[in-house]
file structure_4.pdb (PDB, C-alpha atoms and all ligand atoms)
ATOM      1  CA  ALA T   1     -59.576 -49.232 -92.304
ATOM      2  CA  THR T   2     -56.222 -50.919 -91.876
ATOM      3  CA  PRO T   3     -54.304 -50.216 -88.700
ATOM      4  CA  ILE T   4     -50.786 -49.052 -89.335
ATOM      5  CA  GLY T   5     -49.829 -49.850 -85.737
ATOM      6  CA  LEU T   6     -47.030 -52.243 -85.087
ATOM      7  CA  LEU T   7     -48.193 -55.572 -83.800
ATOM      8  CA  VAL T   8     -46.103 -56.242 -80.748
ATOM      9  CA  GLY T   9     -46.568 -57.438 -77.199
ATOM     10  CA  SER T  10     -47.721 -60.889 -76.304
ATOM     11  CA  GLY T  11     -49.152 -63.404 -78.710
ATOM     12  CA  ARG T  12     -52.145 -63.395 -76.406
ATOM     13  CA  GLY T  13     -52.923 -59.800 -77.424
ATOM     14  CA  ALA T  14     -52.933 -60.810 -81.060
ATOM     15  CA  GLN T  15     -55.165 -63.783 -80.262
ATOM     16  CA  LEU T  16     -57.628 -61.447 -78.612
ATOM     17  CA  GLY T  17     -57.597 -59.241 -81.690
ATOM     18  CA  ILE T  18     -55.820 -56.346 -80.026
ATOM     19  CA  LEU T  19     -53.160 -54.458 -81.972
ATOM     20  CA  ILE T  20     -50.660 -52.568 -79.839
ATOM     21  CA  ARG T  21     -48.477 -49.783 -81.182
ATOM     22  CA  GLY T  22     -45.415 -50.356 -78.976
ATOM     23  CA  PRO T  23     -44.111 -52.113 -75.864
ATOM     24  CA  GLN T  24     -44.830 -49.107 -73.643
ATOM     25  CA  VAL T  25     -48.538 -49.462 -74.316
ATOM     26  CA  LEU T  26     -49.149 -52.411 -71.987
ATOM     27  CA  GLU T  27     -47.380 -50.568 -69.186
ATOM     28  CA  ASP T  28     -49.618 -47.516 -69.737
ATOM     29  CA  THR T  29     -52.714 -49.673 -69.927
ATOM     30  CA  ARG T  30     -52.086 -51.109 -66.471
ATOM     31  CA  LYS T  31     -52.280 -47.699 -64.790
ATOM     32  CA  ILE T  32     -55.611 -46.610 -66.277
ATOM     33  CA  ASP T  33     -58.352 -45.733 -63.774
ATOM     34  CA  THR T  34     -60.877 -43.912 -65.989
ATOM     35  CA  VAL T  35     -62.275 -44.972 -69.359
ATOM     36  CA  LEU T  36     -63.897 -42.364 -71.592
ATOM     37  CA  LEU T  37     -66.164 -43.857 -74.195
ATOM     38  CA  ASP T  38     -67.448 -42.258 -77.360
ATOM     39  CA  LYS T  39     -71.090 -43.104 -78.070
ATOM     40  CA  THR T  40     -71.658 -43.464 -81.817
ATOM     41  CA  GLY T  41     -69.796 -46.470 -83.197
ATOM     42  CA  THR T  42     -68.194 -47.273 -79.847
ATOM     43  CA  ILE T  43     -71.051 -48.044 -77.436
ATOM     44  CA  THR T  44     -73.583 -48.141 -80.273
ATOM     45  CA  GLU T  45     -73.348 -49.952 -83.599
ATOM     46  CA  GLY T  46     -72.936 -46.692 -85.498
ATOM     47  CA  ASN T  47     -75.362 -48.011 -88.113
ATOM     48  CA  LEU T  48     -77.879 -45.236 -87.894
ATOM     49  CA  ALA T  49     -81.194 -45.246 -89.697
ATOM     50  CA  VAL T  50     -83.521 -42.391 -90.561
ATOM     51  CA  THR T  51     -86.699 -42.802 -88.523
ATOM     52  CA  SER T  52     -88.635 -39.702 -89.589
ATOM     53  CA  THR T  53     -88.458 -36.356 -91.340
ATOM     54  CA  VAL T  54     -90.140 -33.200 -90.061
ATOM     55  CA  PRO T  55     -90.406 -30.621 -92.862
ATOM     56  CA  ALA T  56     -90.743 -26.955 -91.919
ATOM     57  CA  ALA T  57     -93.292 -24.628 -93.567
ATOM     58  CA  GLY T  58     -92.646 -24.347 -97.300
ATOM     59  CA  PHE T  59     -90.976 -27.762 -97.599
ATOM     60  CA  ASP T  60     -92.286 -31.259 -98.161
ATOM     61  CA  ALA T  61     -90.744 -34.432 -96.768
ATOM     62  CA  ALA T  62     -89.486 -35.681-100.140
ATOM     63  CA  THR T  63     -87.663 -32.424-100.979
ATOM     64  CA  LEU T  64     -86.202 -32.203 -97.471
ATOM     65  CA  LEU T  65     -84.767 -35.728 -97.626
ATOM     66  CA  ALA T  66     -83.549 -35.340-101.229
ATOM     67  CA  LEU T  67     -81.632 -32.131-100.447
ATOM     68  CA  ALA T  68     -80.234 -33.522 -97.190
ATOM     69  CA  GLY T  69     -79.120 -36.733 -98.934
ATOM     70  CA  ALA T  70     -77.382 -34.855-101.737
ATOM     71  CA  ALA T  71     -75.599 -32.553 -99.272
ATOM     72  CA  GLU T  72     -74.448 -35.491 -97.113
ATOM     73  CA  SER T  73     -73.066 -37.500-100.039
ATOM     74  CA  GLY T  74     -69.584 -36.065 -99.473
ATOM     75  CA  SER T  75     -69.420 -37.027 -95.786
ATOM     76  CA  GLU T  76     -68.081 -40.234 -94.222
ATOM     77  CA  HIS T  77     -70.018 -39.725 -90.975
ATOM     78  CA  PRO T  78     -72.469 -42.515 -89.983
ATOM     79  CA  ILE T  79     -75.196 -39.845 -89.872
ATOM     80  CA  ALA T  80     -74.395 -39.011 -93.492
ATOM     81  CA  HIS T  81     -74.418 -42.651 -94.587
ATOM     82  CA  ALA T  82     -77.885 -43.100 -93.094
ATOM     83  CA  ILE T  83     -79.330 -39.946 -94.658
ATOM     84  CA  VAL T  84     -77.824 -40.781 -98.063
ATOM     85  CA  ALA T  85     -79.239 -44.324 -97.917
ATOM     86  CA  ALA T  86     -82.722 -43.082 -96.998
ATOM     87  CA  ALA T  87     -82.680 -40.457 -99.765
ATOM     88  CA  ARG T  88     -81.382 -42.932-102.385
ATOM     89  CA  ALA T  89     -84.190 -45.320-101.510
ATOM     90  CA  GLU T  90     -86.640 -42.653-102.725
ATOM     91  CA  ALA T  91     -84.899 -41.092-105.723
ATOM     92  CA  PRO T  92     -81.476 -40.752-107.376
ATOM     93  CA  LEU T  93     -79.295 -38.207-105.599
ATOM     94  CA  ALA T  94     -78.734 -34.774-107.098
ATOM     95  CA  LYS T  95     -75.126 -33.738-107.589
ATOM     96  CA  ALA T  96     -73.475 -31.725-104.817
ATOM     97  CA  THR T  97     -70.804 -29.094-105.412
ATOM     98  CA  ALA T  98     -68.775 -26.811-103.115
ATOM     99  CA  PHE T  99     -68.943 -29.403-100.332
ATOM    100  CA  THR T 100     -67.568 -28.408 -96.934
ATOM    101  CA  SER T 101     -67.870 -30.064 -93.535
ATOM    102  CA  ALA T 102     -66.814 -29.612 -89.931
ATOM    103  CA  PRO T 103     -66.207 -32.634 -87.689
ATOM    104  CA  GLY T 104     -68.798 -32.554 -84.917
ATOM    105  CA  GLY T 105     -70.737 -29.815 -86.732
ATOM    106  CA  GLY T 106     -72.235 -30.843 -90.033
ATOM    107  CA  VAL T 107     -72.006 -30.362 -93.790
ATOM    108  CA  LYS T 108     -72.738 -27.690 -96.373
ATOM    109  CA  ALA T 109     -73.042 -28.000-100.157
ATOM    110  CA  ARG T 110     -74.552 -26.456-103.267
ATOM    111  CA  ILE T 111     -77.341 -28.565-104.756
ATOM    112  CA  GLY T 112     -78.340 -27.040-108.086
ATOM    113  CA  ASP T 113     -78.896 -23.370-107.324
ATOM    114  CA  ARG T 114     -79.568 -23.942-103.622
ATOM    115  CA  THR T 115     -77.262 -23.913-100.608
ATOM    116  CA  VAL T 116     -77.992 -26.756 -98.203
ATOM    117  CA  VAL T 117     -76.667 -26.927 -94.650
ATOM    118  CA  ALA T 118     -77.129 -30.023 -92.427
ATOM    119  CA  GLY T 119     -76.017 -30.508 -88.848
ATOM    120  CA  ARG T 120     -76.392 -29.200 -85.330
ATOM    121  CA  SER T 121     -77.883 -25.815 -84.421
ATOM    122  CA  SER T 122     -74.507 -24.091 -83.945
ATOM    123  CA  TRP T 123     -73.576 -25.190 -87.481
ATOM    124  CA  MET T 124     -76.806 -23.602 -88.782
ATOM    125  CA  ARG T 125     -75.908 -20.358 -87.028
ATOM    126  CA  GLU T 126     -72.346 -20.387 -88.368
ATOM    127  CA  ASN T 127     -73.699 -20.797 -91.883
ATOM    128  CA  GLY T 128     -76.317 -18.097 -91.711
ATOM    129  CA  VAL T 129     -79.429 -20.255 -91.292
ATOM    130  CA  GLN T 130     -82.039 -18.303 -89.337
ATOM    131  CA  LEU T 131     -83.613 -20.284 -86.489
ATOM    132  CA  ASN T 132     -86.542 -19.033 -84.471
ATOM    133  CA  GLU T 133     -87.949 -20.196 -81.141
ATOM    134  CA  SER T 134     -90.323 -22.717 -82.712
ATOM    135  CA  ASP T 135     -87.475 -24.293 -84.720
ATOM    136  CA  HIS T 136     -85.516 -24.823 -81.510
ATOM    137  CA  LEU T 137     -88.658 -26.239 -79.903
ATOM    138  CA  ARG T 138     -89.047 -28.724 -82.810
ATOM    139  CA  LEU T 139     -85.450 -29.796 -82.238
ATOM    140  CA  ARG T 140     -85.912 -30.298 -78.499
ATOM    141  CA  GLU T 141     -89.135 -32.260 -79.049
ATOM    142  CA  ALA T 142     -87.384 -34.625 -81.450
ATOM    143  CA  GLN T 143     -84.427 -35.049 -79.085
ATOM    144  CA  GLN T 144     -86.746 -35.849 -76.168
ATOM    145  CA  THR T 145     -87.953 -38.898 -78.102
ATOM    146  CA  GLY T 146     -84.360 -40.159 -78.070
ATOM    147  CA  ALA T 147     -83.605 -39.240 -81.677
ATOM    148  CA  THR T 148     -80.381 -37.891 -83.098
ATOM    149  CA  ALA T 149     -82.070 -34.934 -84.772
ATOM    150  CA  ILE T 150     -80.274 -33.195 -87.641
ATOM    151  CA  MET T 151     -81.292 -29.697 -88.665
ATOM    152  CA  ILE T 152     -81.488 -28.878 -92.364
ATOM    153  CA  GLY T 153     -81.212 -25.334 -93.733
ATOM    154  CA  VAL T 154     -81.870 -24.275 -97.326
ATOM    155  CA  ASP T 155     -80.803 -20.840 -98.606
ATOM    156  CA  GLY T 156     -80.639 -19.432 -95.091
ATOM    157  CA  ALA T 157     -84.049 -20.741 -93.963
ATOM    158  CA  PHE T 158     -84.817 -23.669 -91.660
ATOM    159  CA  ALA T 159     -86.177 -26.499 -93.837
ATOM    160  CA  GLY T 160     -86.827 -29.150 -91.189
ATOM    161  CA  LEU T 161     -85.376 -32.069 -89.272
ATOM    162  CA  VAL T 162     -84.125 -35.490 -90.234
ATOM    163  CA  ASN T 163     -84.352 -37.805 -87.210
ATOM    164  CA  LEU T 164     -82.160 -40.860 -86.823
ATOM    165  CA  SER T 165     -81.674 -43.656 -84.345
ATOM    166  CA  ASP T 166     -78.875 -46.059 -83.573
ATOM    167  CA  THR T 167     -78.784 -49.358 -81.705
ATOM    168  CA  ILE T 168     -76.631 -50.150 -78.684
ATOM    169  CA  LYS T 169     -74.180 -53.022 -79.280
ATOM    170  CA  GLU T 170     -75.368 -56.159 -77.568
ATOM    171  CA  SER T 171     -72.032 -56.514 -75.791
ATOM    172  CA  SER T 172     -71.788 -52.957 -74.419
ATOM    173  CA  GLU T 173     -73.692 -53.334 -71.152
ATOM    174  CA  ALA T 174     -71.745 -56.399 -69.969
ATOM    175  CA  ALA T 175     -68.443 -54.903 -71.138
ATOM    176  CA  ILE T 176     -69.034 -51.719 -69.148
ATOM    177  CA  ALA T 177     -70.007 -53.767 -66.078
ATOM    178  CA  ARG T 178     -66.691 -55.576 -66.448
ATOM    179  CA  LEU T 179     -64.772 -52.296 -66.608
ATOM    180  CA  LYS T 180     -66.420 -51.309 -63.322
ATOM    181  CA  GLU T 181     -65.463 -54.680 -61.775
ATOM    182  CA  LEU T 182     -61.874 -53.902 -62.727
ATOM    183  CA  GLY T 183     -62.180 -50.716 -60.661
ATOM    184  CA  LEU T 184     -62.425 -48.400 -63.653
ATOM    185  CA  ARG T 185     -64.798 -45.464 -63.950
ATOM    186  CA  PRO T 186     -66.658 -45.373 -67.288
ATOM    187  CA  VAL T 187     -67.493 -41.923 -68.694
ATOM    188  CA  LEU T 188     -69.612 -41.189 -71.784
ATOM    189  CA  LEU T 189     -68.385 -38.473 -74.122
ATOM    190  CA  THR T 190     -70.479 -37.575 -77.160
ATOM    191  CA  GLY T 191     -71.153 -34.864 -79.687
ATOM    192  CA  ASP T 192     -74.771 -35.993 -79.798
ATOM    193  CA  ASN T 193     -77.533 -34.373 -77.761
ATOM    194  CA  ALA T 194     -78.015 -34.744 -73.995
ATOM    195  CA  ALA T 195     -81.310 -36.652 -74.167
ATOM    196  CA  VAL T 196     -79.881 -39.391 -76.402
ATOM    197  CA  ALA T 197     -76.704 -39.517 -74.322
ATOM    198  CA  ALA T 198     -78.661 -39.931 -71.061
ATOM    199  CA  GLN T 199     -80.755 -42.717 -72.560
ATOM    200  CA  VAL T 200     -77.732 -44.657 -73.780
ATOM    201  CA  ALA T 201     -75.844 -44.125 -70.493
ATOM    202  CA  SER T 202     -78.690 -45.445 -68.359
ATOM    203  CA  ARG T 203     -79.028 -48.536 -70.571
ATOM    204  CA  VAL T 204     -75.351 -49.466 -70.299
ATOM    205  CA  GLY T 205     -74.817 -48.549 -66.647
ATOM    206  CA  ILE T 206     -72.924 -45.266 -66.858
ATOM    207  CA  ALA T 207     -73.748 -42.835 -64.022
ATOM    208  CA  GLU T 208     -75.682 -39.681 -64.934
ATOM    209  CA  ALA T 209     -72.870 -37.515 -63.520
ATOM    210  CA  ASP T 210     -70.424 -39.177 -65.908
ATOM    211  CA  VAL T 211     -72.209 -38.158 -69.110
ATOM    212  CA  PHE T 212     -70.807 -35.352 -71.268
ATOM    213  CA  ALA T 213     -73.039 -34.522 -74.256
ATOM    214  CA  ASP T 214     -72.992 -31.886 -77.028
ATOM    215  CA  VAL T 215     -69.209 -31.970 -76.864
ATOM    216  CA  PHE T 216     -67.192 -30.705 -79.844
ATOM    217  CA  PRO T 217     -64.094 -32.636 -80.989
ATOM    218  CA  GLU T 218     -61.747 -30.221 -79.188
ATOM    219  CA  GLY T 219     -64.038 -30.464 -76.147
ATOM    220  CA  LYS T 220     -63.406 -34.210 -76.042
ATOM    221  CA  ALA T 221     -59.659 -33.559 -75.727
ATOM    222  CA  GLN T 222     -60.362 -30.898 -73.104
ATOM    223  CA  ALA T 223     -62.427 -33.373 -71.084
ATOM    224  CA  VAL T 224     -59.466 -35.760 -71.132
ATOM    225  CA  ARG T 225     -57.100 -32.987 -69.984
ATOM    226  CA  LYS T 226     -59.482 -31.961 -67.174
ATOM    227  CA  LEU T 227     -59.599 -35.493 -65.780
ATOM    228  CA  GLN T 228     -55.817 -35.791 -66.108
ATOM    229  CA  ALA T 229     -55.436 -32.538 -64.161
ATOM    230  CA  GLU T 230     -57.527 -34.142 -61.418
ATOM    231  CA  GLY T 231     -54.903 -36.884 -61.255
ATOM    232  CA  ARG T 232     -56.771 -39.479 -63.260
ATOM    233  CA  VAL T 233     -55.058 -41.804 -65.699
ATOM    234  CA  VAL T 234     -57.353 -41.788 -68.686
ATOM    235  CA  ALA T 235     -58.095 -44.156 -71.528
ATOM    236  CA  MET T 236     -60.219 -42.842 -74.391
ATOM    237  CA  VAL T 237     -62.110 -45.223 -76.660
ATOM    238  CA  GLY T 238     -63.384 -43.918 -79.993
ATOM    239  CA  ASP T 239     -63.752 -44.425 -83.702
ATOM    240  CA  GLY T 240     -64.379 -41.106 -85.409
ATOM    241  CA  VAL T 241     -62.404 -38.223 -86.855
ATOM    242  CA  ASN T 242     -63.989 -36.229 -84.029
ATOM    243  CA  ASP T 243     -62.349 -38.536 -81.458
ATOM    244  CA  ALA T 244     -58.779 -38.158 -82.756
ATOM    245  CA  PRO T 245     -57.711 -35.178 -80.584
ATOM    246  CA  ALA T 246     -58.975 -36.956 -77.445
ATOM    247  CA  LEU T 247     -57.349 -40.264 -78.462
ATOM    248  CA  ALA T 248     -54.029 -38.453 -78.852
ATOM    249  CA  GLN T 249     -54.409 -36.573 -75.557
ATOM    250  CA  ALA T 250     -55.398 -39.621 -73.483
ATOM    251  CA  ASP T 251     -52.817 -41.631 -71.555
ATOM    252  CA  LEU T 252     -54.065 -44.526 -73.632
ATOM    253  CA  GLY T 253     -55.947 -44.063 -76.901
ATOM    254  CA  ILE T 254     -58.035 -47.037 -77.997
ATOM    255  CA  ALA T 255     -59.540 -47.148 -81.501
ATOM    256  CA  MET T 256     -62.249 -49.385 -82.872
ATOM    257  CA  GLY T 257     -60.970 -51.486 -85.794
ATOM    258  CA  SER T 258     -64.016 -50.378 -87.813
ATOM    259  CA  GLY T 259     -63.149 -46.763 -87.112
ATOM    260  CA  THR T 260     -61.720 -44.082 -89.343
ATOM    261  CA  ASP T 261     -58.026 -44.140 -90.266
ATOM    262  CA  VAL T 262     -57.587 -40.835 -88.437
ATOM    263  CA  ALA T 263     -58.783 -42.428 -85.175
ATOM    264  CA  ILE T 264     -56.645 -45.535 -85.622
ATOM    265  CA  GLU T 265     -53.556 -43.436 -86.345
ATOM    266  CA  ALA T 266     -54.130 -41.337 -83.223
ATOM    267  CA  ALA T 267     -54.563 -44.400 -80.997
ATOM    268  CA  ASP T 268     -52.046 -46.546 -79.102
ATOM    269  CA  LEU T 269     -54.152 -49.645 -79.301
ATOM    270  CA  THR T 270     -56.733 -50.888 -81.804
ATOM    271  CA  ILE T 271     -59.351 -53.517 -81.071
ATOM    272  CA  MET T 272     -60.241 -55.486 -84.171
ATOM    273  CA  GLY T 273     -63.560 -56.978 -83.102
ATOM    274  CA  ASN T 274     -65.244 -53.667 -82.259
ATOM    275  CA  ASP T 275     -66.468 -55.181 -79.017
ATOM    276  CA  LEU T 276     -65.962 -53.181 -75.818
ATOM    277  CA  ASN T 277     -65.170 -56.425 -73.993
ATOM    278  CA  GLN T 278     -61.776 -56.176 -75.684
ATOM    279  CA  VAL T 279     -61.097 -52.954 -73.800
ATOM    280  CA  ALA T 280     -61.544 -54.793 -70.504
ATOM    281  CA  GLN T 281     -59.500 -57.700 -71.878
ATOM    282  CA  SER T 282     -56.626 -55.377 -72.795
ATOM    283  CA  ILE T 283     -56.545 -54.018 -69.278
ATOM    284  CA  GLU T 284     -56.728 -57.509 -67.745
ATOM    285  CA  LEU T 285     -53.986 -58.682 -70.094
ATOM    286  CA  SER T 286     -51.690 -55.783 -69.213
ATOM    287  CA  ARG T 287     -52.170 -56.372 -65.499
ATOM    288  CA  LYS T 288     -51.436 -60.106 -65.848
ATOM    289  CA  THR T 289     -48.525 -59.769 -68.287
ATOM    290  CA  LEU T 290     -46.747 -57.099 -66.310
ATOM    291  CA  GLY T 291     -47.592 -58.851 -63.044
ATOM    292  CA  THR T 292     -45.612 -61.906 -64.108
ATOM    293  CA  ILE T 293     -42.686 -59.888 -65.469
ATOM    294  CA  LYS T 294     -42.202 -58.133 -62.140
TER     295      LYS T 294
HETATM  296  P1  LIG A 301     -70.392 -38.502 -81.815
HETATM  297  O1  LIG A 301     -69.620 -38.000 -80.623
HETATM  298  O2  LIG A 301     -71.726 -39.019 -81.430
HETATM  299  O3  LIG A 301     -69.595 -39.504 -82.632
HETATM  300  P2  LIG A 301     -69.883 -36.209 -83.651
HETATM  301  O4  LIG A 301     -68.930 -35.412 -82.809
HETATM  302  O5  LIG A 301     -69.320 -36.873 -84.850
HETATM  303  O6  LIG A 301     -70.731 -37.241 -82.742
HETATM  304  O7  LIG A 301     -71.054 -35.257 -84.128
HETATM  305  C1  LIG A 301     -71.723 -34.441 -83.205
HETATM  306  C2  LIG A 301     -72.948 -33.848 -83.836
HETATM  307  O8  LIG A 301     -72.558 -33.020 -84.947
HETATM  308  C3  LIG A 301     -73.904 -34.859 -84.423
HETATM  309  O9  LIG A 301     -74.789 -35.393 -83.466
HETATM  310  C4  LIG A 301     -74.604 -33.992 -85.450
HETATM  311  O10 LIG A 301     -75.567 -33.165 -84.834
HETATM  312  C5  LIG A 301     -73.498 -33.126 -85.977
HETATM  313  N1  LIG A 301     -72.855 -33.729 -87.167
HETATM  314  C6  LIG A 301     -71.609 -34.243 -87.276
HETATM  315  N2  LIG A 301     -71.371 -34.689 -88.530
HETATM  316  C7  LIG A 301     -72.504 -34.493 -89.232
HETATM  317  C8  LIG A 301     -72.924 -34.758 -90.579
HETATM  318  N3  LIG A 301     -72.138 -35.324 -91.497
HETATM  319  N4  LIG A 301     -74.182 -34.396 -90.923
HETATM  320  C9  LIG A 301     -75.015 -33.822 -90.044
HETATM  321  N5  LIG A 301     -74.687 -33.560 -88.769
HETATM  322  C10 LIG A 301     -73.457 -33.883 -88.359
HETATM  323 MG    MG A 302     -68.031 -42.285 -82.818
END

call {"tool": "encode", "arguments": {"input": "structure_4.pdb", "output": "structure tokens", "more": "lines below"}}
Ligand code: ADP
Ligand code: MG
result
Amino acid sequence: ATPIGLLVGSGRGAQLGILIRGPQVLEDTRKIDTVLLDKTGTITEGNLAVTSTVPAAGFDAATLLALAGAAESGSEHPIAHAIVAAARAEAPLAKATAFTSAPGGGVKARIGDRTVVAGRSSWMRENGVQLNESDHLRLREAQQTGATAIMIGVDGAFAGLVNLSDTIKESSEAAIARLKELGLRPVLLTGDNAAVAAQVASRVGIAEADVFADVFPEGKAQAVRKLQAEGRVVAMVGDGVNDAPALAQADLGIAMGSGTDVAIEAADLTIMGNDLNQVAQSIELSRKTLGTIK
């Protein structure tokens, strides 16, 4: 993705690999007291990998993965990339037609004469996939292990789970510690499940009370508005299509350079190195720069 933002501000910002959209941005950056962080691709690498498949009755693992991979082939989401890669490693992908997707929900497509739905449980419900108590139990069990568990539905029936895992960026823990040293409150905001979110938060030093999981894209923007209503000056850091409304709503939107164009366009500032240390550096830079001007 290429940032369309204007490169302005100090040469130091450019040296640090920070692209700023306009001169007002540094001024806004200085006032921030709360930093909302997306999980996937922001705190974590966003390079997910399929760790296991759990077929439901009537399905085998190979069919489950093949159908999920074909259905995900039209999606740009890191979850989709991982499922497609795992499926391709086993067999060539079948062709998908009538592809639809919802950011923060999942995908749906026709594969041959079957309708395949992949995503979270609310997405199953919206697309007429029947889930019973034991299916929900399967999902919770997988999530408790720390997996990002994706439900798969075929022709209205639950077909099983594809479980994925991500790795936390090596720099995230120290970067979040630095944000706290600067007097900022880090908050985790994710569309992923609560168990995964809690695990990631505890590893990088975000307080349990500052974790918001299972949040839909519009919910991310609402979380920003709620904190703003409490008088907080909020920065939002994200990379996905699902983060764009929150990036636009925040007092300062910060996009990852590796992120989607939609995120970069919604942001005020883009960090090119994808390292959260650059978020702290931007704030330090704005405080120093504006401190000397005044
Ligand atoms: P995050 O906040 O972690 O970046 P998203 O808002 O993009 O997450 O997605 C939230 C949830 O929606 C995912 O954990 C997953 O359950 C579901 N989801 C989103 N996109 C897809 C997809 N392409 N395939 C399957 N599930 C998806
Ligand atoms: Mg993300």

call {"tool": "resolve_selection", "arguments": {"input": "structure_4.pdb", "expression": "the PyMOL selection byres (((not hetatm)) within 8 of (chain A and resi 302))", "output": "MDAnalysis selection string"}}
result
chainID T and resid 38:42 46 190 238:240 242:243 259

call {"tool": "closest_residue", "arguments": {"input": "structure_4.pdb", "among": "T:Asp113, T:Glu208, T:Asp214, T:Glu265", "to": "ligand LIG 301 (chain A)", "atoms": "only C-alpha atoms and all ligand atoms"}}
result
T:Asp214

call {"tool": "residues_near_ligand", "arguments": {"input": "structure_4.pdb", "ligand": "ligand LIG 301 (chain A)", "cutoff": "6 Å", "atoms": "all atoms listed in the file", "output": "list in words"}}
result
Asp38, Lys39, Thr40, Ser75, His77, Ile79, Ala80, Pro103, Gly104, Gly105, Gly106, Val107, Ala118, Gly119, Arg120, Ile150, Thr190, Gly191, Asp192, Phe216, Pro217 and Asn242 of chain T

call {"tool": "closest_residue", "arguments": {"input": "structure_4.pdb", "among": "T:Arg21, T:Arg138, T:Arg287, T:Lys31", "to": "Val233 of chain T", "atoms": "only C-alpha atoms"}}
result
T:Lys31

call {"tool": "resolve_selection", "arguments": {"input": "structure_4.pdb", "expression": "the PyMOL selection byres (((chain T and resi 90-100) around 8) and not hetatm)", "output": "list in words"}}
result
Ala62, Ala66, Leu67, Gly69, Ala70, Ala71, Ser73, Gly74, Ala86, Ala87, Arg88, Ala89, Ser101, Ala102, Val107, Lys108, Ala109, Arg110, Ile111 and Gly112 of chain T

call {"tool": "residues_around", "arguments": {"input": "structure_4.pdb", "residues": "Ala235 of chain T", "least_positions_apart": "3", "cutoff": "9 Å", "atoms": "all atoms listed in the file", "output": "number ranges by chain"}}
result
T: 29, 32-37, 224, 247, 250-254

call {"tool": "residues_near_point", "arguments": {"input": "structure_4.pdb", "point": "(-81.3, -31.0, -92.2)", "cutoff": "7 Å", "atoms": "all atoms listed in the file", "output": "list in words"}}
result
Ala68, Val117, Ala118, Gly119, Ile150, Met151, Ile152, Gly153, Ala159, Gly160, Leu161 and Val162 of chain T

call {"tool": "atom_distance", "arguments": {"input": "structure_4.pdb", "atom1": "atom CA of Pro186 of chain T", "atom2": "atom CA of Asp210 of chain T"}}
result
7.4 Å

call {"tool": "atom_distance", "arguments": {"input": "structure_4.pdb", "atom1": "atom CA of Ile20 of chain T", "atom2": "atom CA of Gln281 of chain T"}}
result
13.0 Å

call {"tool": "resolve_selection", "arguments": {"input": "structure_4.pdb", "expression": "the PyMOL selection byres (((chain T and resi 163-176) around 7) and not hetatm)", "output": "VMD selection string"}}
result
chain T and resid 43 to 53 147 to 150 161 to 162 177 to 180 204 to 205 275 to 277 280

call {"tool": "atom_distance", "arguments": {"input": "structure_4.pdb", "atom1": "atom CA of Pro55 of chain T", "atom2": "atom CA of Asp135 of chain T"}}
result
10.7 Å

call {"tool": "axis_aligned_box", "arguments": {"input": "structure_4.pdb", "around": "segment 170-181 of chain T", "padding_each_side": "6 Å", "output": "JSON"}}
result
{"center_x": -70.1, "center_y": -53.9, "center_z": -69.7, "size_x": 22.6, "size_y": 17.2, "size_z": 27.8}

call {"tool": "closest_residue", "arguments": {"input": "structure_4.pdb", "among": "T:Val241, T:Ala209, T:Ala201, T:Leu189", "to": "Gln222 of chain T", "atoms": "only C-alpha atoms"}}
result
T:Leu189

call {"tool": "closest_residue", "arguments": {"input": "structure_4.pdb", "among": "T:Leu137, T:Gly128, T:Ala267, T:Ala157", "to": "Phe59 of chain T", "atoms": "all atoms listed in the file"}}
result
T:Ala157

call {"tool": "residues_around", "arguments": {"input": "structure_4.pdb", "residues": "Asp268 of chain T", "least_positions_apart": "4", "cutoff": "12 Å", "atoms": "only C-alpha atoms", "output": "ChimeraX atom specification"}}
result
/T:3-8,18-29,235-238,244,246-256,263-264,282

call {"tool": "decode", "arguments": {"input": "structure_4.pdb", "residues": "segment 187-195 of chain T", "atoms": "N, CA and C atoms", "output": "PDB file, in the first residue's frame"}}
result
ATOM      1  N   VAL T 187      -5.041   0.965  25.159  1.00  0.00           N
ATOM      2  CA  VAL T 187      -6.306   0.214  25.174  1.00  0.00           C
ATOM      3  C   VAL T 187      -6.308  -0.714  23.966  1.00  0.00           C
ATOM      4  N   LEU T 188      -6.707  -1.971  24.171  1.00  0.00           N
ATOM      5  CA  LEU T 188      -6.771  -2.935  23.065  1.00  0.00           C
ATOM      6  C   LEU T 188      -8.192  -3.036  22.529  1.00  0.00           C
ATOM      7  N   LEU T 189      -8.313  -2.941  21.223  1.00  0.00           N
ATOM      8  CA  LEU T 189      -9.615  -2.940  20.563  1.00  0.00           C
ATOM      9  C   LEU T 189      -9.548  -3.960  19.431  1.00  0.00           C
ATOM     10  N   THR T 190     -10.357  -5.031  19.531  1.00  0.00           N
ATOM     11  CA  THR T 190     -10.247  -6.066  18.501  1.00  0.00           C
ATOM     12  C   THR T 190     -11.583  -6.700  18.157  1.00  0.00           C
ATOM     13  N   GLY T 191     -11.690  -7.145  16.929  1.00  0.00           N
ATOM     14  CA  GLY T 191     -12.853  -7.902  16.493  1.00  0.00           C
ATOM     15  C   GLY T 191     -12.714  -9.372  16.830  1.00  0.00           C
ATOM     16  N   ASP T 192     -11.539  -9.760  17.277  1.00  0.00           N
ATOM     17  CA  ASP T 192     -11.289 -11.167  17.619  1.00  0.00           C
ATOM     18  C   ASP T 192     -11.913 -11.491  18.972  1.00  0.00           C
ATOM     19  N   ASN T 193     -11.861 -12.751  19.358  1.00  0.00           N
ATOM     20  CA  ASN T 193     -12.560 -13.191  20.566  1.00  0.00           C
ATOM     21  C   ASN T 193     -11.852 -12.770  21.856  1.00  0.00           C
ATOM     22  N   ALA T 194     -12.610 -12.785  22.959  1.00  0.00           N
ATOM     23  CA  ALA T 194     -12.136 -12.256  24.241  1.00  0.00           C
ATOM     24  C   ALA T 194     -10.954 -13.037  24.805  1.00  0.00           C
ATOM     25  N   ALA T 195     -10.929 -14.349  24.605  1.00  0.00           N
ATOM     26  CA  ALA T 195      -9.838 -15.154  25.162  1.00  0.00           C
ATOM     27  C   ALA T 195      -8.511 -14.796  24.498  1.00  0.00           C
TER      28      ALA T 195
END
